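Trainee: I have a structure here, written as structure tokens, and I will follow up with some questions on it.
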Amino acid sequence: MERELFAAARDVAKLCRESGALPIINDRADMAALLDAGLHVGQDDLSPRDARKVTGGEAVIGLSSHSAAQLAAAAGEPVDYVALGPIFATASKRQTDPAVGLQEIRLCRGLTEKPLVAIGGITLENVAGVWSAGADRLRSSAACCPRRPARGRCANGWSSGLRRRGRWLAITRRAVWQ
């Protein structure tokens with residue numbers, strides 16, 4: 001299982017690099033270091049300080065937060081961005097914290113100078129509100145990889161919308177974030 005996961009992460013990291021994107025691995029500092037990729041950790045994962053020891057000083061590291069208090073605590077952590085969410089209810093995770101809503105983005109925007117990444121339940125229908133609330137970037141599994149995608153709609157809709165906005169797009173399947 002571990003070898004299969006690493007092989008898949010290596011393949012996706014290669015695709016990311018070929019398209020000019022930085023791969024970001026979820027939770028696995030060891031894989032991020034081996035793949036020369038960024039790392040995203042959650043509140044219950046390896047601490048950002050310990051993750052930095054594994055990945056090195058140049059790796060991009062992000063940290064999940066689920067409240068203004070957690071986000072404010074991240075100010076003293078050696079992270080490059082802070083994720084906030086879930087913004088809306090999401091089906092892409094088995095266990096999730098309660099949705100925080102757009103108002104929490106507005107509140108948290110003023111608490112950090114680090115890039116604020118909105119996560120959780122973001123779709124083509126609600127993404128405009130996420131941007132206007134103050135998110136710098138976003139991550140969406142459901143919008144890009146829905147269970148029943150409309151042929152061509154997801155990738156094309158997100159790609160064209162993000163080119164106009166000049167923002168990052170995150171596509172994840174629990175292992176790699178872009």
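How things are named: the first chain in the structure tokens is A, the next is B, and so on; residues count from 1 in each chain; ligands count from 1 in the order shown.
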Name the residues in contact with range 55-72 of chain A at a cut-off of 8 Å, using only C-alpha atoms, excluding same-chain residues fewer than 2 positions from it; report them as an MDAnalysis selection string.

Mentor: chainID A and resid 24 29:30 32:33 36:43 48 51:53 74:75 78:86 97 100 104 107:108 111:112

Trainee: When you count only C-alpha atoms, which of these residues is closest to Pro98 in chain A: A:Glu113, A:Gly120, A:Cys16, A:Asp44?

Mentor: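 For Pro98 in chain A, the nearest of the given residues is A:Gly120.
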
Trainee: Check range 8-156 of chain A with DSSP on the backbone and list each residue it calls strand (DSSP E), as a list of chain:residue names.

Mentor: A:Ile24, A:Ile25, A:Asn26, A:Gly38, A:Leu39, A:His40, A:Val41, A:Ile61, A:Gly62, A:Leu63, A:Ser64, A:Ser65, A:Tyr81, A:Val82, A:Ala83, A:Leu84, A:Leu116, A:Val117, A:Ala118, A:Ile119, A:Arg137, A:Leu138, A:Arg139

Trainee: Contacts of Arg109 in chain A at 10 Å or less, counting only C-alpha atoms, minus same-chain residues fewer than 6 places along, as a list in words?

Mentor: Ala68, Leu71, Leu84, Gln103, Pro115, Leu116, Ala133, Gly134, Ala135 and Asp136 of chain A

Trainee: How would you write, as a ChimeraX atom specification, the set of residues in range 11-151 of chain A that DSSP gives as helix (DSSP H, G or I)?

Mentor: /A:11-18,29-34,48-55,68-76,101-109,127-133

Trainee: Would you mind telling me which residue in A:Phe6, A:Leu15, A:Asp45, A:Trp131 lies nearest to Asp27 in chain A when using only C-alpha atoms?

Mentor: A:Asp45

Trainee: Kindly give the distance, in Å, that separates CA of Leu102 in chain A and CA of Leu46 in chain A, rounded to a single decimal.

Mentor: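 Pair CA of Leu102 in chain A / CA of Leu46 in chain A returns 28.1 Å.
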
Trainee: Expressed in Å to a single decimal, how great is the separation between CA of Ser132 in chain A and CA of Gly101 in chain A?

Mentor: 12.6 Å

Trainee: Can you measure CA of Leu35 in chain A to CA of Arg139 in chain A for me? One decimal in Å is fine.

Mentor: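 Taking CA of Leu35 in chain A as the start and CA of Arg139 in chain A as the end point, the length is 20.8 Å.
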